[in-house]
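Structure file model-v7.tsv (TSV, C-alpha atoms and all ligand atoms) follows.
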```tsv
chain	number	residue	atom	x	y	z
A	100	MET	CA	110.27	179.13	114.32
A	101	SER	CA	112.53	181.71	115.97
A	102	ASN	CA	113.48	184.98	114.39
A	103	ARG	CA	117.20	184.38	114.85
A	104	SER	CA	119.21	184.74	111.67
A	105	VAL	CA	121.32	181.66	111.02
A	106	ILE	CA	122.93	182.46	107.67
A	107	THR	CA	123.47	186.00	106.37
A	108	LEU	CA	124.88	186.49	102.90
A	109	SER	CA	125.98	190.07	102.28
A	110	GLN	CA	126.90	191.38	98.84
A	111	ILE	CA	128.08	187.96	97.71
A	112	SER	CA	129.72	187.73	94.31
A	113	LYS	CA	131.25	184.65	92.78
A	114	VAL	CA	133.43	184.74	89.70
A	115	TYR	CA	134.77	181.35	88.59
A	116	THR	CA	138.35	181.07	87.35
A	117	ASN	CA	137.11	181.03	83.73
A	118	GLY	CA	135.67	184.53	84.28
A	119	LYS	CA	132.06	183.38	84.61
A	120	VAL	CA	130.20	185.72	86.98
A	121	ALA	CA	127.90	183.22	88.67
A	122	LEU	CA	126.58	185.52	91.41
A	123	GLN	CA	126.62	189.25	91.84
A	124	ASP	CA	125.83	191.28	94.98
A	125	LEU	CA	123.55	188.67	96.45
A	126	ASN	CA	121.99	189.48	99.82
A	127	LEU	CA	120.05	186.97	101.83
A	128	VAL	CA	119.13	186.32	105.47
A	129	ILE	CA	117.97	182.83	106.41
A	130	ARG	CA	116.36	182.43	109.81
A	131	GLU	CA	116.43	179.56	112.24
A	132	SER	CA	114.19	176.61	111.25
A	133	GLN	CA	113.15	178.20	107.97
A	134	PHE	CA	112.61	175.91	105.01
A	135	VAL	CA	113.90	177.99	102.13
A	136	SER	CA	113.87	176.86	98.51
A	137	LEU	CA	115.90	178.34	95.69
A	138	VAL	CA	114.30	178.04	92.26
A	139	GLY	CA	115.54	179.39	88.97
A	140	ALA	CA	116.59	178.57	85.44
A	141	SER	CA	119.48	176.24	84.85
A	142	GLY	CA	122.77	178.02	85.41
A	143	CYS	CA	121.38	180.90	87.52
A	144	GLY	CA	123.68	180.00	90.42
A	145	LYS	CA	121.50	177.98	92.81
A	146	SER	CA	124.13	175.32	93.46
A	147	THR	CA	126.81	177.97	93.73
A	148	VAL	CA	124.87	179.62	96.58
A	149	LEU	CA	124.53	176.27	98.33
A	150	ARG	CA	128.19	175.37	97.88
A	151	LEU	CA	129.35	178.75	99.21
A	152	ILE	CA	127.13	178.34	102.28
A	153	ALA	CA	128.67	174.88	102.76
A	154	GLY	CA	132.14	176.38	102.52
A	155	LEU	CA	132.85	174.42	99.32
A	156	GLY	CA	134.52	177.09	97.24
A	157	GLN	CA	135.74	180.62	97.76
A	158	ILE	CA	133.61	183.73	97.73
A	159	SER	CA	135.00	186.35	95.32
A	160	SER	CA	133.61	189.24	97.38
A	161	GLY	CA	131.12	189.75	100.18
A	162	ASN	CA	130.60	187.87	103.45
A	163	ILE	CA	128.73	184.97	104.93
A	164	ASP	CA	127.95	185.47	108.62
A	165	TRP	CA	126.67	182.71	110.84
A	166	GLY	CA	124.25	183.17	113.73
A	167	ILE	CA	125.48	179.94	115.30
A	168	THR	CA	129.01	179.43	116.53
A	169	GLN	CA	131.33	177.23	114.54
A	170	GLN	CA	131.25	174.74	117.39
A	171	ALA	CA	127.46	174.49	117.44
A	172	ARG	CA	127.10	174.54	113.65
A	173	LYS	CA	126.46	171.17	112.06
A	174	LEU	CA	125.96	171.25	108.33
A	175	ALA	CA	124.88	168.36	106.17
A	176	PHE	CA	124.76	168.32	102.38
A	177	VAL	CA	122.53	166.10	100.24
A	178	PHE	CA	123.31	165.91	96.52
A	179	GLN	CA	121.08	165.03	93.58
A	180	ASP	CA	122.98	161.84	92.99
A	181	ALA	CA	122.72	159.60	96.04
A	182	ALA	CA	126.46	158.90	95.50
A	183	LEU	CA	126.53	155.71	97.56
A	184	MET	CA	129.55	153.43	97.75
A	185	PRO	CA	128.43	150.45	95.62
A	186	TRP	CA	130.66	147.97	97.44
A	187	ALA	CA	129.30	148.91	100.87
A	188	ASN	CA	125.94	148.00	102.36
A	189	VAL	CA	123.33	150.48	103.61
A	190	GLU	CA	124.63	150.53	107.16
A	191	GLU	CA	128.23	151.08	106.05
A	192	ASN	CA	127.18	153.87	103.68
A	193	VAL	CA	125.29	155.66	106.45
A	194	ARG	CA	128.16	155.21	108.91
A	195	LEU	CA	130.71	156.83	106.57
A	196	PRO	CA	130.66	160.42	107.98
A	197	LEU	CA	131.07	159.08	111.53
A	198	LYS	CA	133.90	156.80	110.43
A	199	LEU	CA	135.61	159.74	108.72
A	200	ALA	CA	135.22	161.69	111.97
A	201	GLY	CA	137.08	158.90	113.75
A	202	ILE	CA	134.09	157.63	115.77
A	203	ALA	CA	134.41	153.96	116.66
A	204	GLN	CA	131.77	151.54	115.37
A	205	LYS	CA	130.51	150.69	118.86
A	206	ASP	CA	129.82	154.39	119.46
A	207	SER	CA	128.30	155.07	116.05
A	208	GLN	CA	125.91	152.11	115.95
A	209	LYS	CA	123.08	153.83	117.78
A	210	LEU	CA	123.32	156.96	115.59
A	211	VAL	CA	123.27	154.82	112.43
A	212	GLN	CA	120.19	152.95	113.64
A	213	GLN	CA	118.45	156.21	114.55
A	214	ALA	CA	119.19	157.72	111.12
A	215	LEU	CA	117.92	154.58	109.36
A	216	ALA	CA	114.76	154.68	111.46
A	217	LEU	CA	114.16	158.32	110.49
A	218	VAL	CA	114.11	157.42	106.79
A	219	ARG	CA	112.26	154.13	107.43
A	220	LEU	CA	115.07	151.84	106.27
A	221	VAL	CA	115.33	149.61	109.32
A	222	GLY	CA	115.58	146.05	108.00
A	223	PHE	CA	117.66	147.09	104.97
A	224	GLU	CA	120.95	147.53	106.86
A	225	HIS	CA	122.66	144.71	104.95
A	226	SER	CA	121.29	145.51	101.48
A	227	TYR	CA	123.62	146.83	98.81
A	228	PRO	CA	122.82	149.92	96.68
A	229	ARG	CA	122.22	147.76	93.58
A	230	GLU	CA	119.37	146.06	95.43
A	231	LEU	CA	117.56	149.34	96.20
A	232	SER	CA	115.11	151.49	94.22
A	233	GLY	CA	116.00	155.09	93.35
A	234	GLY	CA	113.83	156.37	96.22
A	235	MET	CA	115.47	154.01	98.71
A	236	LYS	CA	118.95	155.05	97.57
A	237	MET	CA	117.97	158.67	98.18
A	238	ARG	CA	116.70	157.70	101.65
A	239	VAL	CA	120.13	156.18	102.37
A	240	SER	CA	121.76	159.38	101.19
A	241	ILE	CA	119.49	161.41	103.49
A	242	ALA	CA	120.22	159.05	106.41
A	243	ARG	CA	123.95	159.55	105.76
A	244	ALA	CA	123.38	163.31	106.08
A	245	LEU	CA	121.22	162.97	109.20
A	246	VAL	CA	123.58	160.61	111.02
A	247	THR	CA	125.72	163.58	112.02
A	248	GLN	CA	122.66	165.18	113.68
A	249	PRO	CA	122.86	168.41	111.69
A	250	ASN	CA	121.08	171.65	112.46
A	251	VAL	CA	121.48	173.05	108.93
A	252	LEU	CA	120.53	170.87	105.98
A	253	LEU	CA	121.66	171.89	102.48
A	254	MET	CA	119.93	169.94	99.72
A	255	ASP	CA	120.85	170.27	96.04
A	256	GLU	CA	117.97	168.91	93.97
A	257	PRO	CA	117.82	165.74	96.04
A	258	PHE	CA	114.70	164.39	94.36
A	259	GLY	CA	115.32	165.64	90.82
A	260	ALA	CA	116.03	162.20	89.38
A	261	LEU	CA	113.02	160.46	90.95
A	262	ASP	CA	109.60	159.74	89.48
A	263	GLU	CA	106.72	161.97	90.58
A	264	ILE	CA	105.15	159.53	93.04
A	265	THR	CA	108.43	158.75	94.80
A	266	ARG	CA	109.30	162.44	94.86
A	267	SER	CA	105.95	163.30	96.39
A	268	LYS	CA	106.35	160.62	99.08
A	269	LEU	CA	109.86	161.78	99.94
A	270	ASN	CA	108.63	165.38	100.05
A	271	SER	CA	106.05	164.43	102.68
A	272	ASP	CA	108.60	162.42	104.66
A	273	LEU	CA	111.10	165.26	104.54
A	274	LEU	CA	108.49	167.71	105.84
A	275	ASP	CA	107.62	165.36	108.72
A	276	LEU	CA	111.31	165.11	109.65
A	277	TRP	CA	111.84	168.85	109.36
A	278	ARG	CA	108.89	169.51	111.66
A	279	GLN	CA	110.26	167.07	114.25
A	280	HIS	CA	113.81	168.43	114.16
A	281	SER	CA	113.40	172.12	113.28
A	282	TRP	CA	116.44	172.14	111.00
A	283	THR	CA	117.20	175.19	108.95
A	284	VAL	CA	116.87	173.90	105.39
A	285	VAL	CA	118.11	175.39	102.13
A	286	PHE	CA	116.70	173.36	99.27
A	287	VAL	CA	117.53	173.74	95.57
A	288	THR	CA	114.99	172.59	93.03
A	289	HIS	CA	113.81	173.26	89.47
A	290	ASN	CA	110.34	172.24	90.49
A	291	ILE	CA	108.01	175.08	91.48
A	292	TYR	CA	105.35	172.69	92.86
A	293	GLU	CA	107.87	170.97	95.09
A	294	ALA	CA	109.26	174.30	96.31
A	295	VAL	CA	105.83	175.67	97.22
A	296	TYR	CA	104.73	172.45	98.88
A	297	LEU	CA	107.80	172.21	101.10
A	298	SER	CA	108.87	175.72	101.92
A	299	ASN	CA	107.82	178.61	104.03
A	300	ARG	CA	109.87	180.79	101.73
A	301	VAL	CA	110.69	180.47	98.02
A	302	LEU	CA	113.49	182.53	96.52
A	303	VAL	CA	113.36	182.97	92.77
A	304	MET	CA	116.71	183.53	91.13
A	305	GLY	CA	117.45	185.31	87.87
A	306	THR	CA	120.44	184.62	85.71
A	307	SER	CA	123.39	186.48	84.16
A	308	PRO	CA	124.45	187.36	86.74
A	309	GLY	CA	122.81	185.15	89.35
A	310	ARG	CA	120.73	187.14	91.82
A	311	ILE	CA	117.51	186.90	93.80
A	312	VAL	CA	114.60	188.47	91.94
A	313	ALA	CA	111.71	187.50	94.24
A	314	ASP	CA	111.25	186.38	97.82
A	315	VAL	CA	107.84	184.73	98.23
A	316	GLU	CA	106.56	183.80	101.66
A	317	ILE	CA	104.40	180.66	101.54
A	318	ALA	CA	102.06	181.50	104.39
A	319	ALA	CA	100.30	178.15	104.63
A	320	PRO	CA	100.25	176.21	107.89
A	321	TYR	CA	102.00	172.87	108.44
A	322	PRO	CA	101.37	169.97	108.39
A	323	ARG	CA	100.75	170.15	104.68
A	324	GLY	CA	99.09	167.11	103.23
A	325	GLU	CA	97.12	166.33	100.10
A	326	ASP	CA	94.58	168.98	101.12
A	327	PHE	CA	97.21	171.65	100.64
A	328	ARG	CA	98.37	170.25	97.28
A	329	THR	CA	94.84	170.52	95.92
A	330	SER	CA	93.98	173.87	97.52
A	331	SER	CA	93.45	177.18	95.76
A	332	LEU	CA	96.09	178.69	98.07
A	333	TYR	CA	98.69	176.23	96.76
A	334	ASN	CA	97.72	177.08	93.18
A	335	LYS	CA	97.93	180.76	93.93
A	336	TYR	CA	101.49	180.43	95.28
A	337	CYS	CA	102.59	178.19	92.39
A	338	ARG	CA	101.27	180.78	89.94
A	339	GLU	CA	103.00	183.60	91.80
A	340	VAL	CA	106.39	181.81	91.79
A	341	SER	CA	105.90	180.78	88.18
A	342	ASP	CA	105.16	184.38	87.15
A	343	HIS	CA	108.33	185.62	88.84
A	344	LEU	CA	110.31	182.88	87.15
A	345	ALA	CA	108.83	183.64	83.73
A	346	GLN	CA	109.62	187.32	84.20
A	347	ALA	CA	113.21	186.56	85.25
A	348	MET	CA	113.66	184.34	82.20
A	349	THR	CA	112.16	186.91	79.78
A	350	VAL	CA	114.69	189.43	80.96
A	351	THR	CA	117.59	187.08	80.26
A	352	LEU	CA	116.47	185.09	77.21
A	401	LIG	N1	133.52	175.23	88.56
A	401	LIG	C1	132.99	176.08	87.68
A	401	LIG	N2	133.78	176.72	86.79
A	401	LIG	C2	133.26	177.58	85.91
A	401	LIG	N3	131.94	177.90	85.81
A	401	LIG	C3	131.11	177.28	86.67
A	401	LIG	C4	131.59	176.33	87.64
A	401	LIG	N4	130.52	175.87	88.34
A	401	LIG	C5	129.45	176.51	87.84
A	401	LIG	N5	129.81	177.34	86.83
A	401	LIG	C6	128.92	178.22	86.05
A	401	LIG	O1	128.32	179.12	86.97
A	401	LIG	C7	126.93	179.32	86.64
A	401	LIG	C8	126.09	178.92	87.83
A	401	LIG	O2	126.21	177.50	88.02
A	401	LIG	P1	125.36	176.71	89.10
A	401	LIG	O3	125.72	175.29	88.98
A	401	LIG	O4	125.48	177.37	90.40
A	401	LIG	O5	123.87	176.96	88.55
A	401	LIG	P2	122.51	176.21	88.90
A	401	LIG	O6	121.46	177.27	88.95
A	401	LIG	O7	122.68	175.38	90.11
A	401	LIG	O8	122.34	175.31	87.61
A	401	LIG	P3	121.54	173.92	87.44
A	401	LIG	O9	120.13	174.22	87.80
A	401	LIG	O10	121.70	173.60	85.99
A	401	LIG	O11	122.18	172.92	88.35
A	401	LIG	C9	126.68	178.48	85.39
A	401	LIG	O12	126.80	179.31	84.26
A	401	LIG	C10	127.77	177.44	85.42
A	401	LIG	O13	128.11	177.03	84.11
```
As structure tokens:
Amino acid sequence: MSNRSVITLSQISKVYTNGKVALQDLNLVIRESQFVSLVGASGCGKSTVLRLIAGLGQISSGNIDWGITQQARKLAFVFQDAALMPWANVEENVRLPLKLAGIAQKDSQKLVQQALALVRLVGFEHSYPRELSGGMKMRVSIARALVTQPNVLLMDEPFGALDEITRSKLNSDLLDLWRQHSWTVVFVTHNIYEAVYLSNRVLVMGTSPGRIVADVEIAAPYPRGEDFRTSSLYNKYCREVSDHLAQAMTVTL
């Protein structure tokens, strides 16, 4: 991991048109290849942070500065809902961003195959979303994000709707991919255990107005397997994040 800052949020505030102050004076530096999770109570502004980083919505005040040029910057967004086109098969769903970018099918085929291989969906190219499990649909959604070969991956509770076993499997797969590709990842989740397992940094947000109340470095080496999940170190970090979260919620409840 380099020390280069990729995303710098300075004094960010976001007031929605209904007057809701979602974020106030938020400062945050995300470094290259970091895996950063945002955790916090519902409504504390996690998705707002992610959307502003993605350029989906206007900042009310403050700045976002990028450490990579606009030309070199490749963002991909993964949503909680796999949001696949039901009438299109797996391959067509994954190809969509390339099609929208005007890339011809003959040129996109290799990228689509590579993305499907990354999420282990080779052989399911011609299946339709209705034929897939929830975990497989989410893999398609991740492949659709990866097909553009991003260097920054923004993930908004991608595994929130999945059962625990599927979530745990996808967590391990995501970590393997992240280690191979060194993306900078910003990951939103409600789940403390997931955040600690995945991240090298967990940011705890407080609400009303949304702000960062704790920045916890998860100083455990990768690869992280079952050994880590059952270790006292993992428990220690989960307790630390949980305590910060409980404190943030006491202040606002
Ligand atoms: N388009 C909008 N217009 C008005 N208020 C909004 C809008 N989007 C979000 N909000 C409000 O801004 C606050 C932050 O919302 P946001 O979705 O960022 O929170 P969150 O932490 O991601 O919540 P959750 O965990 O429930 O997804 C909430 O009070 C929400 O109701």
(request) Just the residues within 12 Å of Gln123 (chain A), please, counting only C-alpha atoms, with nothing from its chain fewer than 6 positions along; format it as a list in words. (result) Leu108, Ser109, Gln110, Ile111, Ser112, Lys113, Val114, Tyr115, Cys143, Gly144, Thr147, Val148, Ile158, Ser159, Ser160, Gly161, Met304, Gly305, Thr306, Ser307, Pro308, Gly309, Arg310 and Ile311 of chain A
Distance filter 7 Å around ligand LIG 401 (chain A), atoms: only C-alpha atoms and all ligand atoms, out as an mmCIF file with C-alpha atoms, in the coordinates of the input:
```cif
data_model
loop_
_atom_site.group_PDB
_atom_site.id
_atom_site.type_symbol
_atom_site.label_atom_id
_atom_site.label_comp_id
_atom_site.auth_asym_id
_atom_site.auth_seq_id
_atom_site.Cartn_x
_atom_site.Cartn_y
_atom_site.Cartn_z
ATOM 1 C CA TYR A 115 134.770 181.350 88.590
ATOM 2 C CA THR A 116 138.350 181.070 87.350
ATOM 3 C CA ASN A 117 137.110 181.030 83.730
ATOM 4 C CA LYS A 119 132.060 183.380 84.610
ATOM 5 C CA VAL A 120 130.200 185.720 86.980
ATOM 6 C CA ALA A 121 127.900 183.220 88.670
ATOM 7 C CA GLY A 139 115.540 179.390 88.970
ATOM 8 C CA ALA A 140 116.590 178.570 85.440
ATOM 9 C CA SER A 141 119.480 176.240 84.850
ATOM 10 C CA GLY A 142 122.770 178.020 85.410
ATOM 11 C CA CYS A 143 121.380 180.900 87.520
ATOM 12 C CA GLY A 144 123.680 180.000 90.420
ATOM 13 C CA LYS A 145 121.500 177.980 92.810
ATOM 14 C CA SER A 146 124.130 175.320 93.460
ATOM 15 C CA THR A 147 126.810 177.970 93.730
ATOM 16 C CA VAL A 148 124.870 179.620 96.580
ATOM 17 C CA HIS A 289 113.810 173.260 89.470
#
```
(request) Mind giving me the straight-line distance from CA of Leu252 (chain A) to CA of Ile106 (chain A) in Å, one decimal? (result)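 Taking CA of Leu252 (chain A) as the start and CA of Ile106 (chain A) as the end point, the length is 12.0 Å.
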(message) I'd like the interatomic distance between CA of Val218 (chain A) and CA of Gln279 (chain A), to a tenth of an Å.
(response)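 Distance between the two atoms: 12.8 Å.
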(message) Can you pull out the residues contacting region 162-165 of chain A? Cut-off 12 Å, using all atoms listed in the file, and skip same-chain residues under 5 positions away; I want them as a VMD selection string.
(response) chain A and resid 103 to 113 124 to 131 148 to 154 157 170 to 174 251
(message) Can you measure CA of Ala187 (chain A) to CA of Thr265 (chain A) for me? One decimal in Å is fine.
(response)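 Taking CA of Ala187 (chain A) and CA of Thr265 (chain A), their separation equals 23.9 Å.
Neighbouring residues of Leu137 (chain A) at 7 Å or closer, counting only C-alpha atoms and skipping chain neighbours under 2 positions away, are Val135, Gly139, Lys145, Phe286, Val287, Thr288, Val301, Leu302, Val303 and Met304 of chain A.
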Keeping only C-alpha atoms, take the residues you just selected and write them out as a CSV table (one decimal), in the frame of the given file.
```
chain,number,residue,atom,x,y,z
A,135,VAL,CA,113.9,178.0,102.1
A,139,GLY,CA,115.5,179.4,89.0
A,145,LYS,CA,121.5,178.0,92.8
A,286,PHE,CA,116.7,173.4,99.3
A,287,VAL,CA,117.5,173.7,95.6
A,288,THR,CA,115.0,172.6,93.0
A,301,VAL,CA,110.7,180.5,98.0
A,302,LEU,CA,113.5,182.5,96.5
A,303,VAL,CA,113.4,183.0,92.8
A,304,MET,CA,116.7,183.5,91.1
```
(request) Name the residues within 9 Å of (117.4, 158.9, 98.0), counting all atoms listed in the file in the file's coordinates, and put them as number ranges by chain. (result) A: 179-181, 232-242, 257-258, 261, 269
(request) Using all atoms listed in the file, pick whichever of A:Leu273, A:Leu253, A:Val177, A:Val138 has the shortest atom-to-atom distance to Ala345 (chain A). (result) A:Val138
